[in-house]
file start29.cif (mmCIF, C-alpha atoms and all ligand atoms)
data_coords
loop_
_atom_site.label_atom_id
_atom_site.label_comp_id
_atom_site.auth_asym_id
_atom_site.auth_seq_id
_atom_site.Cartn_x
_atom_site.Cartn_y
_atom_site.Cartn_z
CA MET H 1 -43.30 3.62 -223.40
CA SER H 2 -44.60 6.86 -224.88
CA ASP H 3 -44.68 10.02 -222.79
CA ALA H 4 -48.43 9.91 -222.57
CA GLN H 5 -48.38 6.48 -220.92
CA MET H 6 -45.92 7.40 -218.21
CA ARG H 7 -47.33 8.25 -214.83
CA THR H 8 -44.16 9.86 -213.48
CA TRP H 9 -40.86 10.35 -215.26
CA ALA H 10 -37.54 12.14 -214.95
CA GLU H 11 -36.41 14.25 -217.88
CA ILE H 12 -32.62 14.33 -218.05
CA ASP H 13 -31.45 17.28 -220.10
CA LEU H 14 -28.13 16.22 -221.61
CA GLY H 15 -27.68 19.70 -223.10
CA ARG H 16 -27.65 21.08 -219.57
CA LEU H 17 -25.28 18.34 -218.46
CA LYS H 18 -22.92 19.46 -221.20
CA HIS H 19 -23.33 23.08 -220.16
CA ASN H 20 -22.37 22.21 -216.58
CA TYR H 21 -19.46 20.03 -217.67
CA THR H 22 -18.13 22.82 -219.89
CA ALA H 23 -18.64 25.53 -217.26
CA LEU H 24 -16.82 23.45 -214.65
CA ARG H 25 -13.98 22.59 -216.99
CA GLU H 26 -13.49 26.28 -217.73
CA GLN H 27 -12.55 26.78 -214.08
CA LEU H 28 -9.58 24.44 -214.34
CA ALA H 29 -6.00 25.25 -215.13
CA PRO H 30 -4.76 23.63 -218.34
CA GLY H 31 -3.82 20.02 -217.75
CA CYS H 32 -6.01 19.60 -214.66
CA ARG H 33 -7.97 16.40 -215.07
CA PHE H 34 -11.67 15.90 -214.52
CA VAL H 35 -13.25 12.83 -212.96
CA GLY H 36 -17.00 12.81 -213.42
CA VAL H 37 -18.61 11.25 -210.35
CA VAL H 38 -21.38 8.92 -211.56
CA LYS H 39 -21.91 6.84 -208.42
CA ALA H 40 -25.43 5.98 -207.26
CA ASN H 41 -26.74 5.80 -210.82
CA ALA H 42 -25.22 9.24 -211.50
CA TYR H 43 -27.11 10.74 -208.58
CA GLY H 44 -30.32 9.30 -210.03
CA HIS H 45 -29.69 10.62 -213.55
CA GLY H 46 -28.73 7.25 -215.07
CA ALA H 47 -25.10 6.14 -214.83
CA VAL H 48 -24.71 4.70 -218.32
CA PRO H 49 -26.11 7.58 -220.42
CA VAL H 50 -24.32 10.16 -218.26
CA ALA H 51 -21.01 8.27 -218.34
CA GLN H 52 -21.27 7.80 -222.10
CA LYS H 53 -21.74 11.53 -222.61
CA LEU H 54 -18.92 12.47 -220.23
CA GLU H 55 -16.64 10.08 -222.06
CA GLU H 56 -17.66 11.55 -225.42
CA TRP H 57 -16.96 15.08 -224.14
CA GLY H 58 -13.51 14.13 -222.91
CA ALA H 59 -13.78 13.52 -219.17
CA ASP H 60 -10.47 11.98 -218.09
CA TYR H 61 -11.92 9.64 -215.52
CA LEU H 62 -15.22 8.39 -214.10
CA ALA H 63 -15.77 7.61 -210.42
CA VAL H 64 -18.19 5.09 -208.95
CA ALA H 65 -18.91 3.78 -205.47
CA CYS H 66 -18.38 0.07 -205.99
CA LEU H 67 -17.45 -2.79 -208.28
CA GLU H 68 -21.03 -3.37 -209.49
CA GLU H 69 -21.24 0.22 -210.68
CA ALA H 70 -17.92 -0.11 -212.52
CA ALA H 71 -19.09 -3.36 -214.14
CA GLU H 72 -22.33 -1.72 -215.28
CA LEU H 73 -20.36 0.96 -217.13
CA ARG H 74 -17.94 -1.49 -218.71
CA GLN H 75 -20.79 -3.78 -219.82
CA ALA H 76 -22.35 -0.77 -221.53
CA GLY H 77 -19.12 -0.23 -223.45
CA VAL H 78 -17.66 2.67 -221.46
CA ARG H 79 -13.88 2.63 -221.91
CA ALA H 80 -12.76 5.70 -219.94
CA PRO H 81 -10.67 5.03 -216.82
CA ILE H 82 -12.90 4.22 -213.82
CA LEU H 83 -12.02 4.78 -210.16
CA ILE H 84 -13.88 2.92 -207.44
CA LEU H 85 -14.09 5.30 -204.48
CA GLY H 86 -15.51 2.80 -202.00
CA VAL H 87 -14.23 -0.51 -200.69
CA THR H 88 -13.83 -3.66 -202.75
CA LEU H 89 -13.12 -6.75 -200.69
CA PRO H 90 -9.77 -8.25 -201.72
CA ARG H 91 -11.44 -11.51 -202.78
CA TYR H 92 -12.92 -9.57 -205.70
CA ALA H 93 -9.54 -8.29 -206.86
CA GLY H 94 -9.82 -10.51 -209.94
CA GLU H 95 -12.94 -8.62 -210.99
CA LEU H 96 -11.20 -5.30 -210.58
CA LEU H 97 -8.67 -6.57 -213.11
CA ALA H 98 -11.36 -8.05 -215.35
CA TRP H 99 -13.31 -4.78 -215.45
CA ASP H 100 -10.15 -2.70 -215.65
CA ALA H 101 -11.14 -0.50 -212.71
CA ALA H 102 -8.78 1.47 -210.47
CA GLN H 103 -9.40 0.91 -206.77
CA ALA H 104 -9.09 3.31 -203.86
CA VAL H 105 -6.97 1.73 -201.14
CA GLY H 106 -7.00 3.09 -197.62
CA ASP H 107 -5.06 0.51 -195.63
CA LEU H 108 -1.96 -1.60 -196.05
CA GLU H 109 -3.60 -4.93 -195.32
CA THR H 110 -6.05 -4.52 -198.20
CA GLY H 111 -3.18 -3.37 -200.39
CA ARG H 112 -1.22 -6.54 -199.60
CA ALA H 113 -4.17 -8.76 -200.44
CA LEU H 114 -4.80 -6.93 -203.73
CA SER H 115 -1.10 -7.15 -204.55
CA ALA H 116 -1.06 -10.91 -203.97
CA THR H 117 -4.01 -11.45 -206.31
CA ALA H 118 -2.55 -9.24 -209.00
CA VAL H 119 0.81 -11.00 -208.81
CA ALA H 120 -0.84 -14.43 -208.95
CA ALA H 121 -2.73 -13.30 -212.06
CA GLY H 122 0.40 -11.86 -213.61
CA ARG H 123 -1.37 -8.52 -213.88
CA THR H 124 -1.04 -4.98 -212.59
CA LEU H 125 -3.86 -3.38 -210.63
CA THR H 126 -4.15 0.40 -210.64
CA ILE H 127 -4.79 1.95 -207.25
CA HIS H 128 -5.38 5.42 -205.82
CA VAL H 129 -4.17 5.77 -202.23
CA LYS H 130 -6.81 7.19 -199.91
CA ALA H 131 -5.67 9.51 -197.12
CA ASP H 132 -7.97 10.37 -194.24
CA THR H 133 -7.18 13.99 -193.40
CA GLY H 134 -10.25 14.61 -191.27
CA MET H 135 -13.35 13.03 -192.77
CA SER H 136 -12.88 9.91 -190.62
CA ARG H 137 -14.42 7.62 -193.18
CA LEU H 138 -11.85 5.65 -195.19
CA GLY H 139 -8.10 6.02 -195.64
CA PHE H 140 -4.75 6.09 -193.91
CA LEU H 141 -5.14 8.26 -190.82
CA CYS H 142 -3.26 11.48 -191.57
CA ASP H 143 -3.79 13.76 -188.59
CA GLU H 144 -0.60 15.47 -187.40
CA ALA H 145 0.17 12.72 -184.86
CA HIS H 146 -0.06 9.93 -187.44
CA LEU H 147 1.38 11.60 -190.52
CA ASP H 148 4.81 9.93 -190.33
CA HIS H 149 3.28 6.54 -189.69
CA ALA H 150 0.90 7.03 -192.62
CA ALA H 151 3.76 8.05 -194.92
CA GLY H 152 5.63 4.89 -193.96
CA GLU H 153 2.65 2.65 -194.62
CA ILE H 154 1.80 4.37 -197.91
CA ALA H 155 5.40 4.02 -199.05
CA ALA H 156 5.21 0.31 -198.22
CA LEU H 157 1.91 0.04 -200.11
CA CYS H 158 3.36 1.71 -203.18
CA ALA H 159 6.32 -0.67 -203.15
CA LEU H 160 4.12 -3.78 -203.34
CA PRO H 161 4.41 -5.79 -206.56
CA GLY H 162 1.43 -6.02 -208.89
CA LEU H 163 0.12 -2.58 -207.94
CA ARG H 164 0.48 0.68 -209.82
CA ALA H 165 -0.15 3.60 -207.48
CA GLU H 166 -1.36 6.08 -210.05
CA GLY H 167 -3.06 8.48 -207.69
CA ILE H 168 -3.46 9.67 -204.14
CA PHE H 169 -6.47 11.49 -202.77
CA THR H 170 -8.35 12.77 -199.77
CA HIS H 171 -11.89 14.02 -199.21
CA PHE H 172 -13.04 17.18 -197.43
CA SER H 173 -15.80 16.96 -194.85
CA ASP H 174 -16.75 20.64 -194.68
CA ALA H 175 -15.68 22.37 -197.89
CA ASP H 176 -19.08 24.08 -198.13
CA GLY H 177 -18.82 25.15 -194.50
CA CYS H 178 -15.64 25.82 -192.57
CA GLU H 179 -12.68 27.25 -194.47
CA ALA H 180 -10.27 26.77 -191.56
CA TYR H 181 -11.05 23.06 -191.25
CA THR H 182 -10.86 22.57 -195.01
CA MET H 183 -7.46 24.24 -195.15
CA ARG H 184 -6.31 22.13 -192.20
CA GLN H 185 -7.27 19.01 -194.15
CA PHE H 186 -5.59 20.39 -197.25
CA THR H 187 -2.40 21.18 -195.31
CA ARG H 188 -2.33 17.65 -193.91
CA PHE H 189 -2.65 16.31 -197.44
CA LEU H 190 0.16 18.53 -198.74
CA ASP H 191 2.35 17.60 -195.76
CA LEU H 192 1.73 13.94 -196.53
CA LEU H 193 2.70 14.47 -200.17
CA ASP H 194 5.93 16.19 -199.00
CA LYS H 195 6.81 13.37 -196.65
CA LEU H 196 6.17 10.82 -199.39
CA SER H 197 8.17 12.69 -201.95
CA ALA H 198 11.06 12.87 -199.44
CA ARG H 199 10.91 9.06 -199.53
CA GLY H 200 10.92 9.10 -203.31
CA VAL H 201 7.22 8.26 -203.57
CA THR H 202 5.32 10.48 -206.01
CA PHE H 203 2.02 10.24 -207.83
CA GLU H 204 0.78 11.15 -211.27
CA ILE H 205 -2.66 12.22 -210.04
CA ARG H 206 -3.14 14.01 -206.69
CA HIS H 207 -6.77 14.94 -206.07
CA CYS H 208 -9.00 16.18 -203.28
CA ALA H 209 -11.69 18.56 -204.56
CA ALA H 210 -15.30 17.43 -204.89
CA SER H 211 -17.84 20.06 -206.02
CA ALA H 212 -17.67 22.29 -202.94
CA ALA H 213 -13.88 22.57 -202.81
CA MET H 214 -13.66 22.77 -206.57
CA LEU H 215 -15.98 25.81 -206.59
CA ASN H 216 -14.79 27.44 -203.35
CA TYR H 217 -11.06 26.77 -203.32
CA PRO H 218 -9.26 26.65 -206.68
CA CYS H 219 -5.98 26.05 -204.81
CA THR H 220 -7.24 22.53 -204.06
CA HIS H 221 -7.62 21.47 -207.71
CA LEU H 222 -4.13 19.91 -207.91
CA ASP H 223 -4.00 17.34 -210.74
CA MET H 224 -7.69 16.38 -210.89
CA VAL H 225 -11.09 17.50 -209.57
CA ARG H 226 -13.98 15.19 -208.60
CA PRO H 227 -17.29 17.02 -208.99
CA GLY H 228 -20.54 15.14 -208.62
CA ILE H 229 -23.48 17.32 -207.61
CA ALA H 230 -22.25 20.33 -209.62
CA LEU H 231 -22.26 18.28 -212.80
CA TYR H 232 -25.95 17.66 -212.24
CA GLY H 233 -26.53 21.40 -211.90
CA HIS H 234 -26.83 21.80 -208.16
CA TYR H 235 -24.64 23.76 -205.77
CA PRO H 236 -23.38 21.78 -202.78
CA ALA H 237 -24.73 24.49 -200.49
CA PRO H 238 -26.88 27.63 -200.83
CA GLY H 239 -25.18 30.91 -201.68
CA MET H 240 -22.63 29.42 -204.08
CA GLU H 241 -24.40 30.51 -207.27
CA TYR H 242 -21.76 33.17 -207.96
CA THR H 243 -19.03 30.54 -208.34
CA CYS H 244 -20.19 29.03 -211.62
CA PRO H 245 -23.37 29.10 -213.72
CA LEU H 246 -24.98 25.66 -213.32
CA LEU H 247 -28.30 24.39 -214.67
CA PRO H 248 -30.31 21.58 -213.01
CA VAL H 249 -30.25 18.54 -215.28
CA MET H 250 -33.22 16.58 -213.91
CA THR H 251 -36.86 17.60 -214.07
CA LEU H 252 -39.13 15.15 -212.26
CA LYS H 253 -42.59 15.23 -213.75
CA THR H 254 -45.93 13.56 -213.30
CA ARG H 255 -49.26 13.90 -215.06
CA VAL H 256 -52.55 14.78 -213.38
CA ALA H 257 -54.55 11.54 -213.15
CA ALA H 258 -57.85 12.95 -211.91
CA VAL H 259 -59.39 16.23 -210.79
CA ARG H 260 -61.79 16.14 -207.83
CA ASP H 261 -64.14 18.82 -206.48
CA LEU H 262 -64.62 18.29 -202.77
CA PRO H 263 -66.60 20.28 -200.20
CA ALA H 264 -65.17 22.18 -197.23
CA GLY H 265 -64.75 19.92 -194.22
CA THR H 266 -63.59 16.91 -196.25
CA CYS H 267 -60.67 14.94 -194.81
CA VAL H 268 -57.90 14.10 -197.25
CA SER H 269 -55.59 11.06 -197.41
CA TYR H 270 -54.26 8.66 -194.79
CA GLY H 271 -54.45 9.67 -191.18
CA ARG H 272 -56.80 12.58 -192.03
CA THR H 273 -53.97 15.06 -191.49
CA ALA H 274 -55.71 17.56 -193.79
CA THR H 275 -59.28 18.86 -193.65
CA LEU H 276 -60.36 21.16 -196.47
CA ALA H 277 -61.01 24.67 -195.17
CA ARG H 278 -63.00 25.64 -198.27
CA ASP H 279 -64.67 23.97 -201.22
CA SER H 280 -61.64 22.76 -203.11
CA ARG H 281 -60.42 21.26 -206.33
CA LEU H 282 -57.73 18.64 -205.90
CA ALA H 283 -55.49 17.19 -208.57
CA VAL H 284 -54.67 13.55 -207.95
CA LEU H 285 -51.07 12.94 -209.01
CA PRO H 286 -49.76 9.45 -209.84
CA VAL H 287 -46.60 9.84 -207.77
CA GLY H 288 -45.72 8.83 -204.24
CA TYR H 289 -42.99 7.66 -201.96
CA GLY H 290 -42.76 4.49 -204.07
CA ASP H 291 -41.28 6.77 -206.71
CA GLY H 292 -38.94 8.41 -204.22
CA TYR H 293 -41.25 11.40 -203.69
CA PHE H 294 -40.76 11.91 -199.98
CA ARG H 295 -43.63 11.31 -197.58
CA LEU H 296 -42.19 14.30 -195.71
CA PHE H 297 -43.69 16.41 -198.54
CA SER H 298 -47.16 15.79 -197.10
CA ASN H 299 -49.20 18.93 -196.46
CA GLY H 300 -47.42 21.78 -198.13
CA GLN H 301 -44.73 20.90 -200.66
CA PRO H 302 -45.58 22.84 -203.85
CA VAL H 303 -45.76 21.16 -207.24
CA ALA H 304 -45.96 23.31 -210.37
CA ILE H 305 -49.01 22.89 -212.61
CA ARG H 306 -49.76 25.28 -215.49
CA GLY H 307 -46.92 27.46 -214.23
CA LYS H 308 -48.48 27.92 -210.80
CA LYS H 309 -47.76 26.32 -207.45
CA ALA H 310 -50.14 23.74 -206.06
CA PRO H 311 -49.43 22.59 -202.50
CA VAL H 312 -49.64 18.92 -201.56
CA VAL H 313 -52.74 18.24 -199.46
CA GLY H 314 -52.73 15.46 -196.87
CA ARG H 315 -50.22 12.65 -196.79
CA VAL H 316 -48.17 11.52 -199.74
CA CYS H 317 -49.16 7.88 -200.40
CA MET H 318 -47.04 5.17 -202.01
CA ASP H 319 -48.36 5.74 -205.54
CA LEU H 320 -50.59 8.83 -205.31
CA THR H 321 -50.49 12.37 -203.99
CA MET H 322 -53.17 15.09 -203.89
CA ALA H 323 -52.42 18.74 -204.69
CA ASP H 324 -54.68 21.77 -204.23
CA VAL H 325 -55.46 23.33 -207.62
CA THR H 326 -58.45 25.40 -206.47
CA ASP H 327 -56.63 28.59 -207.48
CA ILE H 328 -55.29 27.28 -210.77
CA PRO H 329 -57.95 27.60 -213.47
CA GLY H 330 -58.44 24.91 -216.09
CA VAL H 331 -56.50 22.00 -214.64
CA ILE H 332 -57.55 18.78 -216.37
CA PRO H 333 -56.40 15.15 -216.28
CA GLY H 334 -53.30 14.78 -218.42
CA ASP H 335 -51.77 18.12 -217.40
CA GLU H 336 -48.10 17.91 -216.55
CA ALA H 337 -46.97 18.68 -213.03
CA VAL H 338 -43.38 19.47 -212.14
CA LEU H 339 -42.24 17.89 -208.88
CA TYR H 340 -38.54 18.86 -209.08
CA GLY H 341 -37.28 21.33 -211.65
CA ASP H 342 -36.87 25.01 -212.40
CA ALA H 343 -40.50 25.63 -211.40
CA ALA H 344 -40.16 23.63 -208.16
CA PRO H 345 -36.51 23.56 -207.03
CA VAL H 346 -35.39 20.30 -205.53
CA GLU H 347 -33.50 22.39 -202.96
CA ASP H 348 -36.85 23.62 -201.57
CA GLY H 349 -38.02 20.04 -201.19
CA ALA H 350 -34.77 19.16 -199.44
CA ASP H 351 -35.30 22.01 -196.98
CA ARG H 352 -38.82 20.82 -196.26
CA ALA H 353 -37.64 17.26 -195.74
CA GLY H 354 -34.73 18.38 -193.56
CA THR H 355 -32.16 16.89 -195.90
CA ILE H 356 -30.02 17.76 -198.91
CA GLN H 357 -30.82 17.78 -202.62
CA TYR H 358 -28.37 14.90 -203.12
CA GLU H 359 -30.72 12.57 -201.26
CA LEU H 360 -33.83 13.61 -203.18
CA LEU H 361 -32.09 13.08 -206.53
CA CYS H 362 -30.62 9.70 -205.53
CA ASP H 363 -33.99 8.54 -204.22
CA VAL H 364 -35.92 8.91 -207.48
CA SER H 365 -36.74 5.22 -207.68
CA PRO H 366 -36.09 2.72 -210.45
CA ARG H 367 -39.84 2.71 -211.15
CA VAL H 368 -39.46 6.19 -212.64
CA PRO H 369 -38.39 6.07 -216.31
CA ARG H 370 -35.55 8.40 -217.27
CA VAL H 371 -36.19 10.26 -220.51
CA TYR H 372 -33.11 11.77 -222.17
CA LEU H 373 -33.33 15.12 -223.96
CA ASP H 374 -30.44 16.24 -226.17
C1 LIG H 401 -19.41 11.59 -203.77
C2 LIG H 401 -17.98 11.96 -203.79
C3 LIG H 401 -17.53 13.03 -204.58
C4 LIG H 401 -18.47 13.98 -205.28
O1 LIG H 401 -19.04 14.83 -204.31
P1 LIG H 401 -19.98 16.07 -204.73
O2 LIG H 401 -20.21 16.79 -203.46
O3 LIG H 401 -21.23 15.48 -205.27
O4 LIG H 401 -19.23 16.84 -205.74
C5 LIG H 401 -16.17 13.23 -204.68
N1 LIG H 401 -15.31 12.43 -204.01
C6 LIG H 401 -15.70 11.42 -203.20
C7 LIG H 401 -14.69 10.61 -202.47
C8 LIG H 401 -17.05 11.16 -203.06
O5 LIG H 401 -17.45 10.17 -202.25
#
call {"tool": "encode", "arguments": {"input": "start29.cif", "output": "structure tokens", "more": "lines below"}}
Ligand SMILES: *Cc1c(COP(=O)(O)O)cnc(C)c1O
result
Amino acid sequence: MSDAQMRTWAEIDLGRLKHNYTALREQLAPGCRFVGVVKANAYGHGAVPVAQKLEEWGADYLAVACLEEAAELRQAGVRAPILILGVTLPRYAGELLAWDAAQAVGDLETGRALSATAVAAGRTLTIHVKADTGMSRLGFLCDEAHLDHAAGEIAALCALPGLRAEGIFTHFSDADGCEAYTMRQFTRFLDLLDKLSARGVTFEIRHCAASAAMLNYPCTHLDMVRPGIALYGHYPAPGMEYTCPLLPVMTLKTRVAAVRDLPAGTCVSYGRTATLARDSRLAVLPVGYGDGYFRLFSNGQPVAIRGKKAPVVGRVCMDLTMADVTDIPGVIPGDEAVLYGDAAPVEDGADRAGTIQYELLCDVSPRVPRVYLD
């Protein structure tokens, strides 16, 4: 499909991805490993092209959410080590081996089942032990009251045949918010590592820092960092720009489909939530919530056309959206409009929608072609 035929597309600037990767790597002590998080189709940027580039540039590891995502990378020829952060049911242990993926393990029962399958297959499955230090999602519960119990169970897990416990990790819940809570989680993690090492259990790769902790707390880098959003050029929270110079990788664009002159008093779009206050010129954009462009952007979200901001008028539809271009001279069908990008930050859209930029990026739908720029 040529550019001119596309109604809405996402430009993925691989030069910017490389800039972010390099800038992030520069923050690491020598020897600290880097796992590029490419789950959820690389936050909407396209898992395979992003993973292939990260591998080419020397990322030590790639992280995905699930077995299907690992398989997609392997089928595309990606050979870098892959860590599955989410749960894989033990009955799929054979596929973990087949795809050569390391699996996060957060409880002993799952570990035993994975061990049994690996032993039966005469193979060794690589695992990373998951410790829950305060996120309360997955992992061995490691609050102060359960730390000894967790150490005992993790030691038992690591002693199981057929498993190679290469790594151990935890995940912060508030590393872009509360320093005290983050350091409490970090202390629990370090205490756990001490207790395990007292039992003779050590790990090659200890990791805990996603983007926010990586940028805010260098002390948490340990043996490997796990940035996701920062790779794609976005700060986990506002006010972190000073930490590292990042450039947004995705620009979501559409092309003006029609230009309409409509008189004052005209109602626009479903539910008649907008009535034109003046004679107006509207650009009809071939984008909608079917493309992942949030319906919450109705009535107000700016899109950039000819370098100026045109607010959405009326409700965003499934496939079409109207924007007010009355004050932008010369708009014609075929003009490009930037929905997310330097001229219309995705963070502003996230604020309007009451959510985070992660969600907007992930929600750019499969209908939207990704176009890769070098
Ligand atoms: C998604 C995820 C990351 C990456 O988080 P960012 O905030 O995007 O850097 C790291 N680790 C785990 C366990 C995750 O689930």
call {"tool": "residues_near_ligand", "arguments": {"input": "start29.cif", "ligand": "ligand LIG 401 (chain H)", "cutoff": "7 Å", "atoms": "all atoms listed in the file", "output": "PyMOL selection string"}}
result
chain H and resi 37+85+171+209-212+226-230+236
call {"tool": "atom_distance", "arguments": {"input": "start29.cif", "atom1": "CA of Asp60 (chain H)", "atom2": "CA of Asp223 (chain H)"}}
result
11.2 Å
call {"tool": "closest_residue", "arguments": {"input": "start29.cif", "among": "H:Arg281, H:His234, H:Lys39, H:Arg255", "to": "Asp342 (chain H)", "atoms": "all atoms listed in the file"}}
result
H:His234
call {"tool": "atom_distance", "arguments": {"input": "start29.cif", "atom1": "CA of Leu160 (chain H)", "atom2": "CA of Arg112 (chain H)"}}
result
7.1 Å
call {"tool": "atom_distance", "arguments": {"input": "start29.cif", "atom1": "CA of Phe297 (chain H)", "atom2": "CA of Ala10 (chain H)"}}
result
18.0 Å
call {"tool": "closest_residue", "arguments": {"input": "start29.cif", "among": "H:Leu262, H:Asp351, H:Thr220, H:Val256", "to": "Met6 (chain H)", "atoms": "all atoms listed in the file"}}
result
H:Val256
call {"tool": "closest_residue", "arguments": {"input": "start29.cif", "among": "H:Leu282, H:Ala145, H:Val201, H:Leu373", "to": "Cys158 (chain H)", "atoms": "all atoms listed in the file"}}
result
H:Val201
call {"tool": "residues_around", "arguments": {"input": "start29.cif", "residues": "Tyr235 (chain H)", "least_positions_apart": "3", "cutoff": "10 Å", "atoms": "only C-alpha atoms", "output": "PyMOL selection string"}}
result
chain H and resi 176+211-212+215+228-232+238-241+243-248+347+357-358
call {"tool": "closest_residue", "arguments": {"input": "start29.cif", "among": "H:Arg367, H:Arg74, H:Arg295, H:Arg79", "to": "Glu55 (chain H)", "atoms": "only C-alpha atoms"}}
result
H:Arg79
call {"tool": "residues_around", "arguments": {"input": "start29.cif", "residues": "Leu114 (chain H)", "least_positions_apart": "2", "cutoff": "6 Å", "atoms": "all atoms listed in the file", "output": "tab-separated table (two decimals) with C-alpha atoms, in the coordinates of the input"}}
result
chain	number	residue	atom	x	y	z
H	90	PRO	CA	-9.77	-8.25	-201.72
H	93	ALA	CA	-9.54	-8.29	-206.86
H	111	GLY	CA	-3.18	-3.37	-200.39
H	112	ARG	CA	-1.22	-6.54	-199.60
H	116	ALA	CA	-1.06	-10.91	-203.97
H	117	THR	CA	-4.01	-11.45	-206.31
call {"tool": "residues_around", "arguments": {"input": "start29.cif", "residues": "Gln103 (chain H)", "least_positions_apart": "6", "cutoff": "7 Å", "atoms": "all atoms listed in the file", "output": "list in words"}}
result
Leu83, Ile84, Leu85, Thr126, Ile127 and His128 of chain H
call {"tool": "residues_around", "arguments": {"input": "start29.cif", "residues": "Gly58 (chain H)", "least_positions_apart": "4", "cutoff": "12 Å", "atoms": "all atoms listed in the file", "output": "list in words"}}
result
Lys18, Tyr21, Thr22, Arg25, Arg33, Phe34, Val35, Gly36, Ala51, Gln52, Lys53, Leu54, Leu62, Arg79, Ala80 and Pro81 of chain H
call {"tool": "residues_around", "arguments": {"input": "start29.cif", "residues": "Thr254 (chain H)", "least_positions_apart": "3", "cutoff": "6 Å", "atoms": "all atoms listed in the file", "output": "ChimeraX atom specification"}}
result
/H:7-8,336-337
call {"tool": "closest_residue", "arguments": {"input": "start29.cif", "among": "H:Gly122, H:Pro345, H:Gly134, H:Gly292", "to": "Thr182 (chain H)", "atoms": "only C-alpha atoms"}}
result
H:Gly134
call {"tool": "closest_residue", "arguments": {"input": "start29.cif", "among": "H:Pro49, H:Gly139, H:Pro302, H:Pro286", "to": "Glu153 (chain H)", "atoms": "only C-alpha atoms"}}
result
H:Gly139
call {"tool": "residues_near_point", "arguments": {"input": "start29.cif", "point": "(-17.2, -1.7, -212.7)", "cutoff": "12 Å", "atoms": "all atoms listed in the file", "output": "NGL selection string"}}
result
:H and (38-39 or 47-48 or 62-86 or 88 or 92-103)
call {"tool": "axis_aligned_box", "arguments": {"input": "start29.cif", "around": "region 162-166 of chain H", "padding_each_side": "4 Å", "output": "lines of an AutoDock Vina configuration file"}}
result
center_x = 0.0
center_y = 0.0
center_z = -208.8
size_x = 10.8
size_y = 20.1
size_z = 10.6
